file start06.cif (mmCIF, C-alpha atoms)
data_query
#
loop_
_atom_site.group_PDB
_atom_site.id
_atom_site.type_symbol
_atom_site.label_atom_id
_atom_site.label_comp_id
_atom_site.auth_asym_id
_atom_site.auth_seq_id
_atom_site.Cartn_x
_atom_site.Cartn_y
_atom_site.Cartn_z
ATOM 1 C CA MET Q 1 0.000 0.000 0.000
ATOM 2 C CA SER Q 2 1.188 3.512 -0.737
ATOM 3 C CA GLU Q 3 0.798 6.500 1.587
ATOM 4 C CA THR Q 4 1.208 9.015 -1.260
ATOM 5 C CA MET Q 5 -1.325 11.863 -1.103
ATOM 6 C CA VAL Q 6 -2.625 12.568 -4.595
ATOM 7 C CA LEU Q 7 -5.493 14.934 -3.720
ATOM 8 C CA ASN Q 8 -5.476 18.113 -1.702
ATOM 9 C CA GLU Q 9 -8.378 19.504 0.292
ATOM 10 C CA ASP Q 10 -9.621 21.669 -2.598
ATOM 11 C CA ASP Q 11 -9.637 18.653 -4.912
ATOM 12 C CA VAL Q 12 -11.626 16.616 -2.421
ATOM 13 C CA MET Q 13 -14.192 19.361 -1.901
ATOM 14 C CA GLU Q 14 -14.490 19.851 -5.673
ATOM 15 C CA LEU Q 15 -15.190 16.188 -6.236
ATOM 16 C CA LEU Q 16 -17.569 16.109 -3.297
ATOM 17 C CA ALA Q 17 -19.488 19.047 -4.804
ATOM 18 C CA PHE Q 18 -19.725 17.154 -8.081
ATOM 19 C CA LEU Q 19 -21.008 13.983 -6.408
ATOM 20 C CA VAL Q 20 -23.711 15.627 -4.313
ATOM 21 C CA SER Q 21 -24.774 17.822 -7.258
ATOM 22 C CA ALA Q 22 -24.994 14.720 -9.448
ATOM 23 C CA ALA Q 23 -27.088 12.963 -6.789
ATOM 24 C CA ARG Q 24 -29.516 15.888 -6.721
ATOM 25 C CA ILE Q 25 -29.900 16.367 -10.458
ATOM 26 C CA GLN Q 26 -30.273 12.629 -10.985
ATOM 27 C CA LEU Q 27 -33.696 12.921 -9.330
ATOM 28 C CA ASP Q 28 -34.833 14.994 -12.341
ATOM 29 C CA GLU Q 29 -32.916 13.154 -15.039
ATOM 30 C CA PRO Q 30 -33.548 9.847 -16.857
ATOM 31 C CA PRO Q 31 -32.195 6.824 -14.945
ATOM 32 C CA TYR Q 32 -29.848 5.947 -17.811
ATOM 33 C CA TYR Q 33 -27.837 9.104 -17.077
ATOM 34 C CA ALA Q 34 -26.573 7.552 -13.836
ATOM 35 C CA PRO Q 35 -23.682 5.492 -15.310
ATOM 36 C CA MET Q 36 -22.581 8.566 -17.280
ATOM 37 C CA ARG Q 37 -22.440 10.680 -14.111
ATOM 38 C CA LEU Q 38 -20.390 8.040 -12.323
ATOM 39 C CA LEU Q 39 -17.990 7.871 -15.251
ATOM 40 C CA SER Q 40 -17.711 11.663 -15.232
ATOM 41 C CA ALA Q 41 -16.851 11.530 -11.535
ATOM 42 C CA ALA Q 42 -14.249 8.843 -12.252
ATOM 43 C CA GLU Q 43 -12.764 10.958 -15.034
ATOM 44 C CA ARG Q 44 -12.626 14.046 -12.834
ATOM 45 C CA LEU Q 45 -11.003 12.045 -10.017
ATOM 46 C CA SER Q 46 -8.399 10.661 -12.445
ATOM 47 C CA LEU Q 47 -7.568 14.150 -13.683
ATOM 48 C CA LEU Q 48 -7.293 15.562 -10.161
ATOM 49 C CA ALA Q 49 -5.012 12.759 -9.011
ATOM 50 C CA ILE Q 50 -2.828 12.300 -12.064
ATOM 51 C CA ASN Q 51 -0.252 15.024 -11.430
ATOM 52 C CA ARG Q 52 0.680 13.904 -7.927
ATOM 53 C CA ALA Q 53 0.499 10.165 -8.503
ATOM 54 C CA SER Q 54 3.555 7.900 -8.541
ATOM 55 C CA PRO Q 55 4.931 7.046 -11.985
ATOM 56 C CA GLU Q 56 3.182 3.699 -11.777
ATOM 57 C CA GLY Q 57 -0.054 5.305 -10.570
ATOM 58 C CA ARG Q 58 0.123 7.992 -13.259
ATOM 59 C CA GLN Q 59 0.489 5.344 -15.927
ATOM 60 C CA ALA Q 60 -2.573 3.544 -14.577
ATOM 61 C CA LEU Q 61 -4.577 6.768 -14.365
ATOM 62 C CA GLU Q 62 -3.618 7.686 -17.942
ATOM 63 C CA GLU Q 63 -4.820 4.277 -19.087
ATOM 64 C CA ILE Q 64 -8.041 4.594 -17.084
ATOM 65 C CA LYS Q 65 -8.677 8.092 -18.445
ATOM 66 C CA THR Q 66 -8.146 6.884 -22.008
ATOM 67 C CA GLN Q 67 -10.559 4.004 -21.488
ATOM 68 C CA ILE Q 68 -13.184 6.293 -19.968
ATOM 69 C CA LEU Q 69 -12.955 8.650 -22.941
ATOM 70 C CA GLN Q 70 -13.570 5.738 -25.315
ATOM 71 C CA ILE Q 71 -16.982 5.189 -23.796
ATOM 72 C CA GLU Q 72 -19.699 7.151 -25.531
ATOM 73 C CA ARG Q 73 -21.623 9.067 -22.897
ATOM 74 C CA GLY Q 74 -24.160 10.847 -25.059
ATOM 75 C CA ARG Q 75 -26.545 7.922 -25.473
ATOM 76 C CA ARG Q 76 -28.157 5.334 -23.246
ATOM 77 C CA LEU Q 77 -26.260 2.141 -22.618
ATOM 78 C CA SER Q 78 -29.023 -0.069 -24.076
ATOM 79 C CA GLU Q 79 -28.482 1.644 -27.468
ATOM 80 C CA ARG Q 80 -24.769 0.917 -27.537
ATOM 81 C CA PRO Q 81 -23.953 -2.663 -26.562
ATOM 82 C CA GLU Q 82 -20.397 -2.123 -27.791
ATOM 83 C CA ASP Q 83 -19.733 -0.032 -24.669
ATOM 84 C CA VAL Q 84 -20.540 -2.856 -22.240
ATOM 85 C CA PRO Q 85 -17.245 -4.703 -22.932
ATOM 86 C CA ARG Q 86 -15.460 -1.334 -22.721
ATOM 87 C CA LEU Q 87 -16.876 -0.777 -19.254
ATOM 88 C CA ASP Q 88 -15.934 -4.340 -18.298
ATOM 89 C CA ALA Q 89 -12.408 -3.705 -19.558
ATOM 90 C CA LEU Q 90 -12.249 -0.507 -17.537
ATOM 91 C CA CYS Q 91 -13.293 -2.373 -14.384
ATOM 92 C CA ARG Q 92 -10.652 -5.010 -15.113
ATOM 93 C CA THR Q 93 -7.940 -2.373 -15.584
ATOM 94 C CA VAL Q 94 -8.751 -0.658 -12.291
ATOM 95 C CA ALA Q 95 -8.991 -3.948 -10.391
ATOM 96 C CA GLN Q 96 -5.723 -5.205 -11.860
ATOM 97 C CA HIS Q 97 -3.992 -1.960 -10.929
ATOM 98 C CA LEU Q 98 -5.331 -2.308 -7.379
ATOM 99 C CA VAL Q 99 -4.086 -5.891 -7.161
ATOM 100 C CA ASN Q 100 -0.595 -4.816 -8.278
ATOM 101 C CA HIS Q 101 -0.510 -1.590 -6.304
ATOM 102 C CA THR Q 102 -1.579 -3.085 -2.988
ATOM 103 C CA GLY Q 103 0.893 -5.943 -3.260
ATOM 104 C CA LEU Q 104 -1.913 -8.467 -3.333
ATOM 105 C CA ALA Q 105 -0.377 -10.116 -6.387
ATOM 106 C CA ARG Q 106 2.832 -10.856 -4.476
ATOM 107 C CA ARG Q 107 1.130 -12.492 -1.504
ATOM 108 C CA SER Q 108 1.129 -16.224 -1.330
ATOM 109 C CA PRO Q 109 -2.275 -17.827 -0.855
ATOM 110 C CA MET W 110 -26.448 32.995 -52.736
ATOM 111 C CA ASN W 111 -24.680 34.256 -49.622
ATOM 112 C CA GLN W 112 -26.742 33.171 -46.622
ATOM 113 C CA PRO W 113 -24.614 33.767 -43.523
ATOM 114 C CA VAL W 114 -27.473 33.255 -41.075
ATOM 115 C CA LEU W 115 -28.477 29.903 -42.554
ATOM 116 C CA ASP W 116 -24.841 28.853 -42.792
ATOM 117 C CA ALA W 117 -24.308 29.678 -39.123
ATOM 118 C CA ILE W 118 -27.424 27.738 -38.113
ATOM 119 C CA ARG W 119 -26.401 24.690 -40.129
ATOM 120 C CA THR W 120 -22.751 24.581 -39.080
ATOM 121 C CA ARG W 121 -23.004 25.335 -35.356
ATOM 122 C CA ARG W 122 -22.298 22.352 -33.123
ATOM 123 C CA VAL W 123 -21.865 21.802 -29.415
ATOM 124 C CA VAL W 124 -18.083 21.818 -28.945
ATOM 125 C CA ARG W 125 -16.551 20.559 -25.714
ATOM 126 C CA SER W 126 -12.860 20.478 -26.611
ATOM 127 C CA LEU W 127 -11.715 23.959 -25.701
ATOM 128 C CA LEU W 128 -8.376 25.745 -25.410
ATOM 129 C CA ASP W 129 -7.243 27.213 -22.106
ATOM 130 C CA ARG W 130 -7.363 30.763 -23.476
ATOM 131 C CA PRO W 131 -9.469 33.682 -22.230
ATOM 132 C CA ILE W 132 -12.156 35.269 -24.354
ATOM 133 C CA ASP W 133 -11.990 39.021 -25.015
ATOM 134 C CA ARG W 134 -14.681 40.779 -23.067
ATOM 135 C CA GLU W 135 -15.688 42.642 -26.240
ATOM 136 C CA LEU W 136 -16.476 39.331 -27.940
ATOM 137 C CA LEU W 137 -18.430 38.170 -24.933
ATOM 138 C CA GLY W 138 -20.336 41.463 -25.083
ATOM 139 C CA CYS W 139 -21.355 40.654 -28.673
ATOM 140 C CA VAL W 140 -22.609 37.261 -27.516
ATOM 141 C CA LEU W 141 -24.590 38.831 -24.665
ATOM 142 C CA ASP W 142 -26.041 41.374 -27.086
ATOM 143 C CA ALA W 143 -27.273 38.539 -29.296
ATOM 144 C CA GLY W 144 -28.974 37.042 -26.253
ATOM 145 C CA ARG W 145 -30.646 40.350 -25.573
ATOM 146 C CA TRP W 146 -32.115 40.384 -29.106
ATOM 147 C CA ALA W 147 -33.805 37.003 -28.733
ATOM 148 C CA THR W 148 -37.561 36.773 -28.941
ATOM 149 C CA SER W 149 -39.359 37.141 -25.640
ATOM 150 C CA ALA W 150 -43.038 36.366 -25.043
ATOM 151 C CA GLY W 151 -44.988 39.608 -24.827
ATOM 152 C CA ASN W 152 -41.634 41.413 -25.072
ATOM 153 C CA ARG W 153 -41.560 41.162 -21.279
ATOM 154 C CA ARG W 154 -37.834 40.395 -20.980
ATOM 155 C CA PRO W 155 -37.943 38.581 -17.655
ATOM 156 C CA HIS W 156 -34.374 37.325 -17.915
ATOM 157 C CA ARG W 157 -31.024 38.354 -16.525
ATOM 158 C CA PHE W 158 -27.616 37.186 -17.666
ATOM 159 C CA VAL W 159 -24.614 36.590 -15.422
ATOM 160 C CA ALA W 160 -21.281 36.419 -17.266
ATOM 161 C CA VAL W 161 -18.384 34.614 -15.594
ATOM 162 C CA GLN W 162 -14.754 34.679 -16.719
ATOM 163 C CA ASP W 163 -12.779 34.378 -13.475
ATOM 164 C CA PRO W 164 -10.923 31.014 -13.611
ATOM 165 C CA LEU W 165 -11.485 30.130 -9.952
ATOM 166 C CA THR W 166 -15.199 30.932 -10.141
ATOM 167 C CA LEU W 167 -15.431 28.836 -13.311
ATOM 168 C CA ARG W 168 -13.697 25.920 -11.582
ATOM 169 C CA VAL W 169 -16.092 25.994 -8.630
ATOM 170 C CA LEU W 170 -19.065 26.457 -10.949
ATOM 171 C CA ARG W 171 -17.959 23.368 -12.853
ATOM 172 C CA ALA W 172 -17.795 21.369 -9.625
ATOM 173 C CA VAL W 173 -21.534 21.863 -9.046
ATOM 174 C CA SER W 174 -22.362 21.256 -12.720
ATOM 175 C CA PRO W 175 -22.082 17.542 -13.541
ATOM 176 C CA GLY W 176 -23.266 18.250 -17.089
ATOM 177 C CA MET W 177 -20.313 20.558 -17.757
ATOM 178 C CA PHE W 178 -17.956 18.192 -19.561
ATOM 179 C CA GLN W 179 -15.995 21.056 -21.103
ATOM 180 C CA ARG W 180 -13.608 23.454 -19.362
ATOM 181 C CA PRO W 181 -14.933 26.782 -20.609
ATOM 182 C CA SER W 182 -13.152 30.134 -20.616
ATOM 183 C CA ALA W 183 -16.447 31.864 -20.010
ATOM 184 C CA VAL W 184 -19.939 30.937 -18.908
ATOM 185 C CA ILE W 185 -23.125 32.916 -19.276
ATOM 186 C CA LEU W 186 -25.822 31.990 -16.831
ATOM 187 C CA ILE W 187 -29.362 32.748 -17.970
ATOM 188 C CA CYS W 188 -31.664 33.478 -15.054
ATOM 189 C CA ILE W 189 -35.361 34.164 -14.677
ATOM 190 C CA ASP W 190 -35.919 37.388 -12.762
ATOM 191 C CA TRP W 191 -38.971 36.580 -10.624
ATOM 192 C CA ASP W 192 -39.370 40.220 -9.575
ATOM 193 C CA ARG W 193 -39.890 41.146 -13.231
ATOM 194 C CA VAL W 194 -42.229 38.197 -13.680
ATOM 195 C CA ALA W 195 -44.339 39.513 -10.782
ATOM 196 C CA GLN W 196 -44.201 43.098 -12.076
ATOM 197 C CA ASN W 197 -45.513 41.901 -15.419
ATOM 198 C CA GLN W 198 -48.265 39.912 -13.672
ATOM 199 C CA VAL W 199 -47.171 36.734 -15.433
ATOM 200 C CA SER W 200 -48.052 33.381 -13.863
ATOM 201 C CA ARG W 201 -45.095 31.629 -12.290
ATOM 202 C CA ASN W 202 -46.189 28.524 -14.236
ATOM 203 C CA ASP W 203 -46.058 30.300 -17.601
ATOM 204 C CA LYS W 204 -44.042 28.013 -19.884
ATOM 205 C CA THR W 205 -42.864 30.911 -22.049
ATOM 206 C CA LEU W 206 -40.525 31.949 -19.232
ATOM 207 C CA TYR W 207 -38.515 28.808 -19.935
ATOM 208 C CA MET W 208 -38.942 28.916 -23.711
ATOM 209 C CA ASP W 209 -37.368 32.349 -23.718
ATOM 210 C CA VAL W 210 -34.345 30.992 -21.868
ATOM 211 C CA GLY W 211 -33.894 28.734 -24.887
ATOM 212 C CA THR W 212 -34.234 31.491 -27.463
ATOM 213 C CA SER W 213 -31.622 33.603 -25.666
ATOM 214 C CA ALA W 214 -29.250 30.656 -25.406
ATOM 215 C CA GLN W 215 -29.642 29.793 -29.082
ATOM 216 C CA ASN W 216 -28.973 33.375 -30.152
ATOM 217 C CA MET W 217 -25.861 33.463 -27.977
ATOM 218 C CA MET W 218 -24.528 30.193 -29.368
ATOM 219 C CA LEU W 219 -25.118 31.286 -32.947
ATOM 220 C CA ALA W 220 -23.393 34.609 -32.261
ATOM 221 C CA ALA W 221 -20.458 32.774 -30.676
ATOM 222 C CA HIS W 222 -20.203 30.539 -33.734
ATOM 223 C CA ALA W 223 -20.220 33.568 -36.022
ATOM 224 C CA LEU W 224 -17.366 35.028 -33.948
ATOM 225 C CA GLY W 225 -15.300 31.837 -34.170
ATOM 226 C CA LEU W 226 -16.028 30.735 -30.608
ATOM 227 C CA ALA W 227 -17.222 27.315 -29.482
ATOM 228 C CA SER W 228 -20.229 26.936 -27.239
ATOM 229 C CA GLY W 229 -22.460 24.439 -25.515
ATOM 230 C CA PRO W 230 -25.440 24.586 -23.165
ATOM 231 C CA VAL W 231 -25.547 22.912 -19.759
ATOM 232 C CA THR W 232 -28.744 22.256 -17.859
ATOM 233 C CA SER W 233 -27.451 19.505 -15.563
ATOM 234 C CA PHE W 234 -26.309 21.552 -12.601
ATOM 235 C CA SER W 235 -27.335 22.023 -9.006
ATOM 236 C CA LYS W 236 -29.473 25.164 -8.839
ATOM 237 C CA GLU W 237 -28.741 25.590 -5.155
ATOM 238 C CA GLY W 238 -25.044 25.105 -5.859
ATOM 239 C CA VAL W 239 -24.986 27.723 -8.607
ATOM 240 C CA GLN W 240 -26.988 30.123 -6.395
ATOM 241 C CA ALA W 241 -24.325 29.762 -3.713
ATOM 242 C CA VAL W 242 -21.297 29.938 -6.014
ATOM 243 C CA LEU W 243 -22.462 33.137 -7.727
ATOM 244 C CA ASN W 244 -24.146 34.617 -4.652
ATOM 245 C CA LEU W 245 -27.284 35.162 -6.693
ATOM 246 C CA PRO W 246 -30.009 37.295 -5.153
ATOM 247 C CA LYS W 247 -33.146 35.339 -4.275
ATOM 248 C CA HIS W 248 -35.243 36.797 -7.088
ATOM 249 C CA LEU W 249 -32.946 35.275 -9.744
ATOM 250 C CA SER W 250 -33.235 31.560 -10.488
ATOM 251 C CA PRO W 251 -30.452 29.930 -12.520
ATOM 252 C CA GLU W 252 -31.960 28.175 -15.541
ATOM 253 C CA MET W 253 -29.236 27.486 -18.079
ATOM 254 C CA LEU W 254 -25.473 27.727 -18.286
ATOM 255 C CA VAL W 255 -23.981 28.399 -21.702
ATOM 256 C CA CYS W 256 -20.283 27.584 -21.971
ATOM 257 C CA PHE W 257 -17.913 29.387 -24.324
ATOM 258 C CA GLY W 258 -14.301 28.984 -25.343
ATOM 259 C CA HIS W 259 -11.902 28.888 -28.216
ATOM 260 C CA PRO W 260 -12.312 25.552 -29.994
ATOM 261 C CA ASP W 261 -9.449 23.083 -29.798
ATOM 262 C CA THR W 262 -9.405 22.076 -33.431
ATOM 263 C CA ALA W 263 -6.705 19.462 -32.790
ATOM 264 C CA VAL W 264 -9.247 17.296 -30.961
ATOM 265 C CA ALA W 265 -11.852 15.559 -33.079
ATOM 266 C CA GLU W 266 -15.253 15.764 -31.367
ATOM 267 C CA LYS W 267 -17.280 12.551 -31.294
ATOM 268 C CA ARG W 268 -20.304 12.934 -33.533
ATOM 269 C CA THR W 269 -23.104 10.437 -33.530
ATOM 270 C CA PRO W 270 -24.533 10.088 -37.051
ATOM 271 C CA ARG W 271 -28.179 11.118 -36.987
ATOM 272 C CA LYS W 272 -30.887 10.198 -39.426
ATOM 273 C CA LEU W 273 -32.906 13.197 -38.348
ATOM 274 C CA ASN W 274 -33.836 15.749 -40.943
ATOM 275 C CA TRP W 275 -36.556 18.328 -41.265
ATOM 276 C CA GLN W 276 -38.638 16.041 -43.458
ATOM 277 C CA ASN W 277 -38.947 13.318 -40.836
ATOM 278 C CA MET W 278 -39.610 15.925 -38.153
ATOM 279 C CA THR W 279 -42.446 17.566 -40.059
ATOM 280 C CA ASP W 280 -46.069 16.798 -40.863
ATOM 281 C CA TRP W 281 -47.928 19.039 -43.267
ATOM 282 C CA GLU W 282 -51.312 20.587 -42.616
ATOM 283 C CA ARG W 283 -53.920 18.477 -40.761
ATOM 284 C CA PHE W 284 -53.248 14.990 -39.478
ATOM 285 C CA PRO W 285 -55.345 12.342 -41.248
ATOM 286 C CA SER W 286 -58.326 11.094 -39.270
ATOM 287 C CA ALA W 287 -58.102 7.717 -37.591
ATOM 288 C CA PRO W 288 -60.190 5.015 -39.427
ATOM 289 C CA SER W 289 -62.797 4.882 -36.637
ATOM 290 C CA GLN W 290 -63.281 8.632 -36.899
ATOM 291 C CA VAL W 291 -63.837 8.380 -40.676
ATOM 292 C CA ILE W 292 -66.601 5.774 -40.232
ATOM 293 C CA GLU W 293 -68.214 7.876 -37.512
ATOM 294 C CA SER W 294 -68.093 10.922 -39.729
ATOM 295 C CA LYS W 295 -69.769 9.039 -42.666
ATOM 296 C CA ARG W 296 -72.536 7.813 -40.421
ATOM 297 C CA ASP W 297 -73.179 11.358 -39.244
ATOM 298 C CA GLU W 298 -73.396 12.622 -42.808
ATOM 299 C CA SER W 299 -75.905 9.939 -43.988
ATOM 300 C CA GLY W 300 -77.913 9.941 -40.789
ATOM 301 C CA SER W 301 -78.999 6.376 -41.592
ATOM 302 C CA GLU W 302 -77.200 4.780 -38.709
ATOM 303 C CA ARG W 303 -77.912 7.446 -36.134
ATOM 304 C CA GLU W 304 -79.741 6.404 -33.066
ATOM 305 C CA ASN W 305 -83.191 7.926 -32.543
ATOM 306 C CA PRO W 306 -83.131 10.707 -29.979
#
call {"tool": "encode", "arguments": {"input": "start06.cif", "output": "structure tokens"}}
result
Amino acid sequence: MSETMVLNEDDVMELLAFLVSAARIQLDEPPYYAPMRLLSAAERLSLLAINRASPEGRQALEEIKTQILQIERGRRLSERPEDVPRLDALCRTVAQHLVNHTGLARRSP
Amino acid sequence: MNQPVLDAIRTRRVVRSLLDRPIDRELLGCVLDAGRWATSAGNRRPHRFVAVQDPLTLRVLRAVSPGMFQRPSAVILICIDWDRVAQNQVSRNDKTLYMDVGTSAQNMMLAAHALGLASGPVTSFSKEGVQAVLNLPKHLSPEMLVCFGHPDTAVAEKRTPRKLNWQNMTDWERFPSAPSQVIESKRDESGSERENP
């Protein structure tokens, strides 16, 4: 596990503002907007963290950001089945990074 | 034939890839002026514009606006002025108040396009958040944010191909009657199948 701080207080408050605003506006928006908002939050978090991340973390965040941008967010997910494997791949990338970063991969069972 | 208005209407797009470069206030004034010239129901003009260019204010505004994918150099907030609405004795439920937000926004975006600026509207924002960020007086309600910036032409915007055109959006004259209505109408004309009073 790394103790590196990649967000400052302003960054945290900015992301918090985004999340609570998204929660509020989601009450008025179509349900299929929800995944898009979560991806936007993930993208914003990646961008906030990228500059202060370790070289390894930065590489992972760059990859995650690229994968997020490949997902079309203007239409509902049911109209674009091609994005489902992209989202799965994104989840895999993040999970794999977590496994490597936390040292889980090096632990014996 | 030179048709600059039609050309502007047809070529304007929402552009979200923007350069980190400020917009001259004079240009922004032209955009605001175009918003002022938009149609307004009853010529009542119940709207107020709030123009924002300060980078820190823009950053905080973006934090409470999940629909703001772009990083704009300027934002114009279109508000309804409820004091003016009351002065004009207009119902608070009058839909034209919101329609006129749209006409102002469209004029502004077309003007921006004519001036070489990129633009895009944002309606997905926290109203309470925007109220707080801009310290809006209570009689102004934030209705639409319009983002502006210099387009980053090096980035290709994703465009979804649409099959929409004016022909498939339009019906001409009256809608044809439903078959049941036609039969009913024929019966009425002949009178033969009418029930006795």
call {"tool": "interface_residues", "arguments": {"input": "start06.cif", "of": "chain Q", "to": "chain W", "cutoff": "6 Å", "atoms": "only C-alpha atoms", "output": "PyMOL selection string"}}
result
chain Q and resi 14+17-18+21-22
call {"tool": "atom_distance", "arguments": {"input": "start06.cif", "atom1": "CA of Ala117 in chain W", "atom2": "CA of Glu72 in chain Q"}}
result
26.7 Å
call {"tool": "residues_around", "arguments": {"input": "start06.cif", "residues": "Gln162 in chain W", "least_positions_apart": "3", "cutoff": "12 Å", "atoms": "all atoms listed in the file", "output": "number ranges by chain"}}
result
W: 129-134, 137, 159, 165-170, 180-186, 243, 256-258
call {"tool": "resolve_selection", "arguments": {"input": "start06.cif", "expression": "the PyMOL selection byres ((chain W and resi 136) around 10)", "output": "NGL selection string"}}
result
:W and (132-135 or 137-142 or 220-221 or 224-226)
call {"tool": "atom_distance", "arguments": {"input": "start06.cif", "atom1": "CA of Asp88 in chain Q", "atom2": "CA of Gln26 in chain Q"}}
result
23.4 Å
call {"tool": "closest_residue", "arguments": {"input": "start06.cif", "among": "W:Leu128, W:Ala143, W:Val255, W:Ala287", "to": "Ala223 in chain W", "atoms": "all atoms listed in the file"}}
result
W:Ala143
call {"tool": "atom_distance", "arguments": {"input": "start06.cif", "atom1": "CA of Ile68 in chain Q", "atom2": "CA of Leu104 in chain Q"}}
result
24.9 Å
call {"tool": "closest_residue", "arguments": {"input": "start06.cif", "among": "Q:Leu47, Q:Val6, Q:Met13, Q:Ala42", "to": "Val94 in chain Q", "atoms": "all atoms listed in the file"}}
result
Q:Ala42
call {"tool": "residues_around", "arguments": {"input": "start06.cif", "residues": "Ser149 in chain W", "least_positions_apart": "5", "cutoff": "10 Å", "atoms": "all atoms listed in the file", "output": "list in words"}}
result
Arg154, Pro155, His156, Thr205, Leu206, Met208, Asp209, Val210, Thr212 and Ser213 of chain W
call {"tool": "resolve_selection", "arguments": {"input": "start06.cif", "expression": "the PyMOL selection byres ((chain W and resi 266) around 12)", "output": "ChimeraX atom specification"}}
result
/Q:69-70,72,74 /W:122-127,179,227,260-265,267-269
call {"tool": "residues_around", "arguments": {"input": "start06.cif", "residues": "Cys91 in chain Q", "least_positions_apart": "4", "cutoff": "12 Å", "atoms": "all atoms listed in the file", "output": "ChimeraX atom specification"}}
result
/Q:39,42,63-64,67-68,84-87,95-98
call {"tool": "axis_aligned_box", "arguments": {"input": "start06.cif", "around": "range 175-193 of chain W", "padding_each_side": "4 Å", "output": "AutoDock Vina command-line options"}}
result
--center_x -26.5 --center_y 29.3 --center_z -15.3 --size_x 34.7 --size_y 31.6 --size_z 19.5
call {"tool": "closest_residue", "arguments": {"input": "start06.cif", "among": "Q:Arg106, Q:His101, Q:Arg92, Q:Lys65", "to": "Ala41 in chain Q", "atoms": "all atoms listed in the file"}}
result
Q:Lys65
call {"tool": "resolve_selection", "arguments": {"input": "start06.cif", "expression": "the PyMOL selection byres ((chain W and resi 189) around 6)", "output": "PyMOL selection string"}}
result
chain W and resi 155-156+188+190-191+249-250
call {"tool": "build_atoms", "arguments": {"input": "start06.cif", "residues": "range 156-169 of chain W", "atoms": "N, CA and C atoms", "output": "PDB file, in the coordinates of the input"}}
result
ATOM      1  N   HIS W 156     -35.622  38.039 -18.155  1.00  0.00           N
ATOM      2  CA  HIS W 156     -34.374  37.325 -17.915  1.00  0.00           C
ATOM      3  C   HIS W 156     -33.211  38.239 -17.556  1.00  0.00           C
ATOM      4  N   ARG W 157     -32.266  37.661 -16.852  1.00  0.00           N
ATOM      5  CA  ARG W 157     -31.024  38.354 -16.525  1.00  0.00           C
ATOM      6  C   ARG W 157     -29.880  37.414 -16.892  1.00  0.00           C
ATOM      7  N   PHE W 158     -28.795  37.985 -17.335  1.00  0.00           N
ATOM      8  CA  PHE W 158     -27.616  37.186 -17.666  1.00  0.00           C
ATOM      9  C   PHE W 158     -26.519  37.460 -16.639  1.00  0.00           C
ATOM     10  N   VAL W 159     -25.784  36.422 -16.291  1.00  0.00           N
ATOM     11  CA  VAL W 159     -24.614  36.590 -15.422  1.00  0.00           C
ATOM     12  C   VAL W 159     -23.417  36.008 -16.176  1.00  0.00           C
ATOM     13  N   ALA W 160     -22.454  36.865 -16.500  1.00  0.00           N
ATOM     14  CA  ALA W 160     -21.281  36.419 -17.266  1.00  0.00           C
ATOM     15  C   ALA W 160     -20.120  36.161 -16.310  1.00  0.00           C
ATOM     16  N   VAL W 161     -19.471  35.022 -16.492  1.00  0.00           N
ATOM     17  CA  VAL W 161     -18.384  34.614 -15.594  1.00  0.00           C
ATOM     18  C   VAL W 161     -17.139  34.312 -16.419  1.00  0.00           C
ATOM     19  N   GLN W 162     -16.024  34.949 -16.038  1.00  0.00           N
ATOM     20  CA  GLN W 162     -14.754  34.679 -16.719  1.00  0.00           C
ATOM     21  C   GLN W 162     -13.622  34.336 -15.749  1.00  0.00           C
ATOM     22  N   ASP W 163     -13.826  34.624 -14.467  1.00  0.00           N
ATOM     23  CA  ASP W 163     -12.779  34.378 -13.475  1.00  0.00           C
ATOM     24  C   ASP W 163     -12.500  32.870 -13.378  1.00  0.00           C
ATOM     25  N   PRO W 164     -11.228  32.455 -13.569  1.00  0.00           N
ATOM     26  CA  PRO W 164     -10.923  31.014 -13.611  1.00  0.00           C
ATOM     27  C   PRO W 164     -11.330  30.246 -12.356  1.00  0.00           C
ATOM     28  N   LEU W 165     -11.130  30.852 -11.177  1.00  0.00           N
ATOM     29  CA  LEU W 165     -11.485  30.130  -9.952  1.00  0.00           C
ATOM     30  C   LEU W 165     -13.007  29.961  -9.840  1.00  0.00           C
ATOM     31  N   THR W 166     -13.728  31.032 -10.185  1.00  0.00           N
ATOM     32  CA  THR W 166     -15.199  30.932 -10.141  1.00  0.00           C
ATOM     33  C   THR W 166     -15.675  29.872 -11.131  1.00  0.00           C
ATOM     34  N   LEU W 167     -15.053  29.838 -12.302  1.00  0.00           N
ATOM     35  CA  LEU W 167     -15.431  28.836 -13.311  1.00  0.00           C
ATOM     36  C   LEU W 167     -15.163  27.420 -12.791  1.00  0.00           C
ATOM     37  N   ARG W 168     -14.045  27.255 -12.093  1.00  0.00           N
ATOM     38  CA  ARG W 168     -13.697  25.920 -11.582  1.00  0.00           C
ATOM     39  C   ARG W 168     -14.732  25.454 -10.553  1.00  0.00           C
ATOM     40  N   VAL W 169     -15.125  26.379  -9.666  1.00  0.00           N
ATOM     41  CA  VAL W 169     -16.092  25.994  -8.630  1.00  0.00           C
ATOM     42  C   VAL W 169     -17.476  25.779  -9.253  1.00  0.00           C
TER      43      VAL W 169
END
